[in-house]
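Novice: Once you've had a glance at the structure underneath, I'll fire off some questions.
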Amino acid sequence: MYTDNLIPVAHAIHASPKRYALLLGAGISVSAGLPTASDASGNMIREIAAGKDDDWETVIPGGEKTEICLKWFEEEFGEKATFERLMRKLGITKDNRKDGLKKFIYPLDGDGNPISVPPTDAHRCIARLVKSGMISLIITTNFDTLLEDALREEKVRYEVITEESDVKQMSVIPDRCRILKVNGDFERGTLRITPEDLKEYPENIETYLRHIFAEYGLVICGWSGIFDTRLLQILCANDITRYPIFWCLRDKSVVPSVVCKAISPTRIEINDADCFFTTVEVVLERFSRFEPRTTLSAAAAVKKVKDALRDPRPDLSVPDVINSEADRVVHALKEFEYYPPEGDVIAKDHLRSILEDLERITTPLAAMCAALAYYEDGTYSNLISMTIERLFAIEKPVPEGNYIFHGLHDKETYFMQQLAKMCFYPAVLVIYASGIAAVHNQQLSNLSAVLFEPKYRCHTGFKLEKFPYFDDINLWKTILADQSLITDVNLDRFGKRGTPHLYPLTILKEILQPIIPYEIAFYEDFDVFEFFSGLAYIHGGELDLSQCNPKDPPCPLESRAWVKYVGYIGDRQMTLDDYVYRYCEKIEISEIESSTVKRNLHVLIEASGKYCQFFKIKPEIGFGNPSTFGVTAR
């Protein structure tokens, strides 16, 4: 097999990971010695014939051919062969099904006993492609369990879907490995083996297949398309194809003409499935090595900024590094799809998928801005605030389809509104990462730039005006609005529910790890930043705090500390931890700090009195070195 023949397939998968589904047929298991569905039905009919005479060849002349066996069955019993009828004739029931079918599904030893077979090289390669994040959805006409065996060997979690599965499992979101066994699973449920069985599928499977074919590219291997007549019809009936379709064929096999006319697949010449997937895996590994598809890691992003700061002319290189990364993020966000394809969607899975994709897109930029906020004393504070403002300008998405969300703890319309607000999640990540980094190294100019300089533009009548961003863009309105749903995601992703803050804490800790490796320091800096953010909101907002309830405060005043001490039950007194007091008491303003920074700190000190009065916190916060900015110490 020429490697060049497979480069288009490998390139497509590499360029669009988890956007190609595999459609696998019996050819994928042929090297393991397993029969096709057609062969299995022939084996069952020969067994039935042998019950009439020890020698089935006497009963069915030419019965080595499956089509002759099928014809004999229909003539003998006056009905077409289906899997259920074959099982009934053989005395196989639900109770003894697994053992009763083994000799028709697996190869036999010299005594006629079934032999367990290990996964093939193709199965193992596919399992590794799933593990590496290249593939997440597999459609198979096979009912053996070799693919599942290979995934277990690689310790990859997977979900098997058959026609008996709940429709809630039938998602096209690439958040986990799903194996759709369209003809059933050997160990449970209905099997579709004979041509009569394969003429139709239940509505839930047909709908799921149409969604997959509409949203995914396909790599077809080991499937001729000849016997699975209904599957072929569904494939050809699909009129929306977002990605190319590759059909792997060996020797002189041909793509069915009806398929060529309907979807124009690209023919890929292969020797066999084992060789094909082994070679594809090798090519993908080379692509990953020399043409990395992933964005920068947080550590690499921080290093890039530090290198730029060491440049003889950092005033040229630093803006270029930040702006180039911001360009990439803004472009990706403009193309981002916040709403799922039409149909049934599990809300928790969709939310997790959106969060992970937005984090992947934004992490390098958030780490870069955090590095500037930490290492620089204000030279590039304007660059940080301008970058944040660019992320404010992303337009809110508008739904364009009909969806049914499952697993919601609130109304569906509310969840739809939340998805629209997710467009500000990247801005929140950059704000928090930069602000926490500035707090950690007491870079007050950069903290001021994060809290006071970025403005959110919105229309008031016919005029476009600029406002403080806190009311519209904050942690609670972007990802923490539905606390039950985000804790469901916590459980799936981090293994425990925790409080809603577990999610942003974990993500921001990973982003800031190259800058703040000490976990306890990170948690303290997080709380200090949320405190300062609340003060900036009190100053900049037009809200009358006397009309608000401290047990149900405005979103910008909700914080990890508020959840910890008050929470949603509201039965405890709001408190600030000692490290918040210590941090504020140690603040010092150097002579080089601008008048703007001094004025902003003055504002925070005034707002802290209102903050403490609103939440009834005692003692109130005291700030150090008050003489340098004209404020009397408490």
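Labeling convention for the structure tokens: chains A, B, ... as they appear, residues from 1 per chain, ligands from 1 in order of appearance.
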Run DSSP on the backbone and grab whatever in stretch 236-279 of chain A lands in alpha helix (DSSP H); send it over as a list in words.
Specialist: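 Filtering stretch 236-279 of chain A to alpha helix (DSSP H) leaves Cys236, Ala237, Ser257, Val258, Val259, Cys260, Lys261, Ala262, Ile263, Ala273, Asp274, Cys275, Phe276, Phe277, Thr278 and Thr279 of chain A.
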Novice: Keeping N, CA, C and O atoms, export the residues of the selection given above as a PDB file, in the first residue's frame.
Specialist:
ATOM      1  N   CYS A 236     -27.266   7.667   1.249  1.00  0.00           N
ATOM      2  CA  CYS A 236     -27.450   8.355  -0.034  1.00  0.00           C
ATOM      3  C   CYS A 236     -28.535   9.423   0.036  1.00  0.00           C
ATOM      4  O   CYS A 236     -28.534  10.368  -0.760  1.00  0.00           O
ATOM      5  N   ALA A 237     -29.471   9.284   0.986  1.00  0.00           N
ATOM      6  CA  ALA A 237     -30.557  10.263   1.095  1.00  0.00           C
ATOM      7  C   ALA A 237     -30.100  11.535   1.778  1.00  0.00           C
ATOM      8  O   ALA A 237     -30.754  12.567   1.686  1.00  0.00           O
ATOM      9  N   SER A 257     -22.860   2.369  -7.372  1.00  0.00           N
ATOM     10  CA  SER A 257     -23.117   3.502  -8.276  1.00  0.00           C
ATOM     11  C   SER A 257     -24.067   4.514  -7.653  1.00  0.00           C
ATOM     12  O   SER A 257     -23.921   5.726  -7.854  1.00  0.00           O
ATOM     13  N   VAL A 258     -25.055   4.032  -6.882  1.00  0.00           N
ATOM     14  CA  VAL A 258     -26.003   4.951  -6.270  1.00  0.00           C
ATOM     15  C   VAL A 258     -25.306   5.887  -5.290  1.00  0.00           C
ATOM     16  O   VAL A 258     -25.687   7.059  -5.134  1.00  0.00           O
ATOM     17  N   VAL A 259     -24.238   5.391  -4.640  1.00  0.00           N
ATOM     18  CA  VAL A 259     -23.472   6.216  -3.708  1.00  0.00           C
ATOM     19  C   VAL A 259     -22.664   7.261  -4.464  1.00  0.00           C
ATOM     20  O   VAL A 259     -22.599   8.432  -4.078  1.00  0.00           O
ATOM     21  N   CYS A 260     -22.050   6.834  -5.555  1.00  0.00           N
ATOM     22  CA  CYS A 260     -21.254   7.764  -6.363  1.00  0.00           C
ATOM     23  C   CYS A 260     -22.095   8.952  -6.818  1.00  0.00           C
ATOM     24  O   CYS A 260     -21.652  10.104  -6.798  1.00  0.00           O
ATOM     25  N   LYS A 261     -23.331   8.675  -7.226  1.00  0.00           N
ATOM     26  CA  LYS A 261     -24.205   9.741  -7.706  1.00  0.00           C
ATOM     27  C   LYS A 261     -24.666  10.649  -6.573  1.00  0.00           C
ATOM     28  O   LYS A 261     -24.800  11.861  -6.754  1.00  0.00           O
ATOM     29  N   ALA A 262     -24.897  10.060  -5.408  1.00  0.00           N
ATOM     30  CA  ALA A 262     -25.490  10.834  -4.310  1.00  0.00           C
ATOM     31  C   ALA A 262     -24.474  11.662  -3.520  1.00  0.00           C
ATOM     32  O   ALA A 262     -24.726  12.829  -3.204  1.00  0.00           O
ATOM     33  N   ILE A 263     -23.309  11.085  -3.201  1.00  0.00           N
ATOM     34  CA  ILE A 263     -22.397  11.781  -2.288  1.00  0.00           C
ATOM     35  C   ILE A 263     -20.963  11.875  -2.800  1.00  0.00           C
ATOM     36  O   ILE A 263     -20.118  12.468  -2.143  1.00  0.00           O
ATOM     37  N   ALA A 273      -7.762  -3.825   6.000  1.00  0.00           N
ATOM     38  CA  ALA A 273      -8.075  -2.876   7.069  1.00  0.00           C
ATOM     39  C   ALA A 273      -6.916  -2.714   8.046  1.00  0.00           C
ATOM     40  O   ALA A 273      -6.625  -1.600   8.500  1.00  0.00           O
ATOM     41  N   ASP A 274      -6.240  -3.818   8.378  1.00  0.00           N
ATOM     42  CA  ASP A 274      -5.122  -3.729   9.323  1.00  0.00           C
ATOM     43  C   ASP A 274      -4.035  -2.804   8.792  1.00  0.00           C
ATOM     44  O   ASP A 274      -3.534  -1.928   9.508  1.00  0.00           O
ATOM     45  N   CYS A 275      -3.667  -3.006   7.543  1.00  0.00           N
ATOM     46  CA  CYS A 275      -2.614  -2.186   6.939  1.00  0.00           C
ATOM     47  C   CYS A 275      -3.056  -0.731   6.829  1.00  0.00           C
ATOM     48  O   CYS A 275      -2.279   0.189   7.091  1.00  0.00           O
ATOM     49  N   PHE A 276      -4.323  -0.512   6.472  1.00  0.00           N
ATOM     50  CA  PHE A 276      -4.836   0.849   6.308  1.00  0.00           C
ATOM     51  C   PHE A 276      -4.746   1.632   7.603  1.00  0.00           C
ATOM     52  O   PHE A 276      -4.163   2.723   7.657  1.00  0.00           O
ATOM     53  N   PHE A 277      -5.318   1.095   8.676  1.00  0.00           N
ATOM     54  CA  PHE A 277      -5.346   1.855   9.921  1.00  0.00           C
ATOM     55  C   PHE A 277      -3.961   1.978  10.550  1.00  0.00           C
ATOM     56  O   PHE A 277      -3.654   2.995  11.187  1.00  0.00           O
ATOM     57  N   THR A 278      -3.122   0.966  10.381  1.00  0.00           N
ATOM     58  CA  THR A 278      -1.754   1.068  10.891  1.00  0.00           C
ATOM     59  C   THR A 278      -1.009   2.201  10.206  1.00  0.00           C
ATOM     60  O   THR A 278      -0.311   3.000  10.853  1.00  0.00           O
ATOM     61  N   THR A 279      -1.171   2.305   8.885  1.00  0.00           N
ATOM     62  CA  THR A 279      -0.484   3.356   8.131  1.00  0.00           C
ATOM     63  C   THR A 279      -1.051   4.729   8.455  1.00  0.00           C
ATOM     64  O   THR A 279      -0.299   5.707   8.605  1.00  0.00           O
TER      65      THR A 279
END
Novice: Restrict the calculation to only C-alpha atoms, then for each residue of stretch 500-602 of chain A with any atom at most 9 Å from an atom of stretch 474-490 of chain A give the closest atom pair and their distance in Å to one decimal, rows by chain and rising residue number, as a tab-separated table.
Specialist:
residue	atom	partner	partner_atom	distance
A:Pro500	CA	A:Gln483	CA	5.7
A:His501	CA	A:Leu480	CA	7.8
A:Leu502	CA	A:Asn490	CA	7.1
A:Tyr503	CA	A:Asn490	CA	6.2
A:Pro504	CA	A:Leu475	CA	8.3
A:Cys555	CA	A:Trp476	CA	5.9
A:Pro556	CA	A:Asn474	CA	6.3
A:Glu558	CA	A:Trp476	CA	7.6
A:Ser559	CA	A:Trp476	CA	8.7
Novice: Restricting the calculation to only C-alpha atoms: of A:Phe452, A:Phe77, A:Tyr339, A:Tyr432, which residue gets closest to A:Gln418?
Specialist: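 Among the listed residues, the smallest separation from A:Gln418 belongs to A:Tyr339.
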Novice: Just want the 8 Å neighbourhood of A:Asp175, counted on only C-alpha atoms, with same-chain residues fewer than 5 positions away dropped. Output as a list in words.
Specialist: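 What passes the distance filter is Ser136, Asp349, His350, Arg352 and Ser353 of chain A.
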Novice: Write the residues of the selection above to a file with C-alpha atoms, as a PDB file, in the first residue's frame.
Specialist:
ATOM      1  CA  SER A 136     -14.882   9.912  18.830  1.00  0.00           C
ATOM      2  CA  ASP A 349     -22.787  17.094  27.475  1.00  0.00           C
ATOM      3  CA  HIS A 350     -23.313  20.094  25.222  1.00  0.00           C
ATOM      4  CA  ARG A 352     -19.132  20.603  28.656  1.00  0.00           C
ATOM      5  CA  SER A 353     -18.261  20.447  24.962  1.00  0.00           C
TER       6      SER A 353
END
Novice: Calculated over only C-alpha atoms, which of the candidates A:Met368, A:Leu22, A:Cys458, A:Leu218 has the smallest distance to A:Ala127?
Specialist: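 Closest residue, counting only C-alpha atoms: A:Leu22.
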Novice: Which residue gives the smallest distance to A:Arg493 among A:Leu316, A:Ile179, A:Val345, A:Leu351, with only C-alpha atoms counted?
Specialist: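 Using only C-alpha atoms, the shortest distance to A:Arg493 belongs to A:Leu351.
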Novice: Please determine, counting only C-alpha atoms, which residue among A:Lys131, A:Arg88, A:Lys80, A:Arg124 has the shortest atom-to-atom distance to A:Lys18.
Specialist: A:Lys131
Novice: Would you mind listing what lies within 8 Å of A:Gly189 as a PyMOL selection string, with only C-alpha atoms counted and same-chain residues fewer than 6 positions away left out?
Specialist: chain A and resi 162-164
Novice: Please indicate the distance in Å from atom CA of A:His11 to atom CA of A:Pro265, rounded to one decimal place.
Specialist: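 Distance between the two atoms: 15.9 Å.
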Novice: Write out as number ranges by chain each polymer residue whose atoms come within 9 Å of stretch 536-540 of chain A, counting only C-alpha atoms; drop sequence neighbours fewer than 5 positions from it.
Specialist: A: 451-452, 467-471, 531, 545, 556-557, 600, 603-604, 606-608, 610-611
Novice: Pick out the closest residue to A:Asp185 from this set: A:Phe623, A:Phe415, A:Trp223, A:Phe143. Count only C-alpha atoms.
Specialist: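 Distance minimum relative to A:Asp185 lands on A:Phe143.
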Novice: Can you tell me which residues surround stretch 191-198 of chain A at a distance of at most 8 Å, considering only C-alpha atoms, apart from same-chain residues fewer than 6 positions away, and format the answer as JSON, numbers by chain?
Specialist: {"A": [37, 38, 40, 41, 80, 81, 82, 83, 143, 183, 184, 185, 227, 228, 229, 230, 231]}
Novice: Restricting the output to N, CA and C atoms, write the selected residues as a PDB file, in the first residue's frame.
Specialist:
ATOM      1  N   ALA A  37     -22.166 -10.834   8.449  1.00  0.00           N
ATOM      2  CA  ALA A  37     -23.554 -11.097   8.834  1.00  0.00           C
ATOM      3  C   ALA A  37     -24.191 -12.088   7.879  1.00  0.00           C
ATOM      4  N   SER A  38     -23.863 -11.938   6.606  1.00  0.00           N
ATOM      5  CA  SER A  38     -24.413 -12.850   5.607  1.00  0.00           C
ATOM      6  C   SER A  38     -23.937 -14.280   5.863  1.00  0.00           C
ATOM      7  N   ALA A  40     -22.977 -15.482   8.722  1.00  0.00           N
ATOM      8  CA  ALA A  40     -23.586 -15.959   9.959  1.00  0.00           C
ATOM      9  C   ALA A  40     -24.993 -16.481   9.709  1.00  0.00           C
ATOM     10  N   SER A  41     -25.765 -15.772   8.872  1.00  0.00           N
ATOM     11  CA  SER A  41     -27.119 -16.242   8.572  1.00  0.00           C
ATOM     12  C   SER A  41     -27.064 -17.574   7.819  1.00  0.00           C
ATOM     13  N   LYS A  80     -39.759 -15.504   4.812  1.00  0.00           N
ATOM     14  CA  LYS A  80     -38.378 -15.078   4.608  1.00  0.00           C
ATOM     15  C   LYS A  80     -37.584 -15.213   5.899  1.00  0.00           C
ATOM     16  N   ALA A  81     -36.298 -15.439   5.747  1.00  0.00           N
ATOM     17  CA  ALA A  81     -35.432 -15.604   6.919  1.00  0.00           C
ATOM     18  C   ALA A  81     -35.210 -14.257   7.599  1.00  0.00           C
ATOM     19  N   THR A  82     -35.468 -14.231   8.878  1.00  0.00           N
ATOM     20  CA  THR A  82     -35.074 -13.098   9.715  1.00  0.00           C
ATOM     21  C   THR A  82     -34.302 -13.678  10.888  1.00  0.00           C
ATOM     22  N   PHE A  83     -33.597 -12.826  11.581  1.00  0.00           N
ATOM     23  CA  PHE A  83     -32.801 -13.293  12.711  1.00  0.00           C
ATOM     24  C   PHE A  83     -33.692 -13.938  13.779  1.00  0.00           C
ATOM     25  N   PHE A 143     -21.475  -7.049  14.942  1.00  0.00           N
ATOM     26  CA  PHE A 143     -22.021  -7.238  16.272  1.00  0.00           C
ATOM     27  C   PHE A 143     -21.044  -7.944  17.204  1.00  0.00           C
ATOM     28  N   ASN A 183     -26.523  -2.750  13.469  1.00  0.00           N
ATOM     29  CA  ASN A 183     -27.125  -4.077  13.288  1.00  0.00           C
ATOM     30  C   ASN A 183     -27.234  -4.850  14.592  1.00  0.00           C
ATOM     31  N   GLY A 184     -26.973  -4.149  15.703  1.00  0.00           N
ATOM     32  CA  GLY A 184     -27.126  -4.775  17.005  1.00  0.00           C
ATOM     33  C   GLY A 184     -25.807  -5.210  17.612  1.00  0.00           C
ATOM     34  N   ASP A 185     -25.905  -5.663  18.841  1.00  0.00           N
ATOM     35  CA  ASP A 185     -24.741  -6.074  19.616  1.00  0.00           C
ATOM     36  C   ASP A 185     -24.889  -7.549  19.998  1.00  0.00           C
ATOM     37  N   PHE A 227     -25.135  -5.483   1.294  1.00  0.00           N
ATOM     38  CA  PHE A 227     -26.158  -6.196   2.060  1.00  0.00           C
ATOM     39  C   PHE A 227     -26.969  -5.274   2.978  1.00  0.00           C
ATOM     40  N   ASP A 228     -26.338  -4.214   3.484  1.00  0.00           N
ATOM     41  CA  ASP A 228     -27.045  -3.314   4.410  1.00  0.00           C
ATOM     42  C   ASP A 228     -27.850  -2.293   3.599  1.00  0.00           C
ATOM     43  N   THR A 229     -28.929  -2.765   3.031  1.00  0.00           N
ATOM     44  CA  THR A 229     -29.666  -1.970   2.043  1.00  0.00           C
ATOM     45  C   THR A 229     -30.241  -0.683   2.628  1.00  0.00           C
ATOM     46  N   ARG A 230     -30.804  -0.740   3.855  1.00  0.00           N
ATOM     47  CA  ARG A 230     -31.399   0.466   4.418  1.00  0.00           C
ATOM     48  C   ARG A 230     -30.329   1.468   4.824  1.00  0.00           C
ATOM     49  N   LEU A 231     -29.221   0.997   5.355  1.00  0.00           N
ATOM     50  CA  LEU A 231     -28.127   1.886   5.723  1.00  0.00           C
ATOM     51  C   LEU A 231     -27.617   2.625   4.496  1.00  0.00           C
TER      52      LEU A 231
END
Novice: List the spatial neighbours of stretch 26-33 of chain A as a ChimeraX atom specification - criterion: any atom at most 7 Å away, only C-alpha atoms, same-chain residues fewer than 5 positions off excluded.
Specialist: /A:107,117,120,122,142,221-223,273
Novice: Got a sec to tell me which of stretch 139-258 of chain A DSSP assigns to strand (DSSP E), as an MDAnalysis selection string?
Specialist: chainID A and resid 139:140 158:161 177:181 217:221 245:249
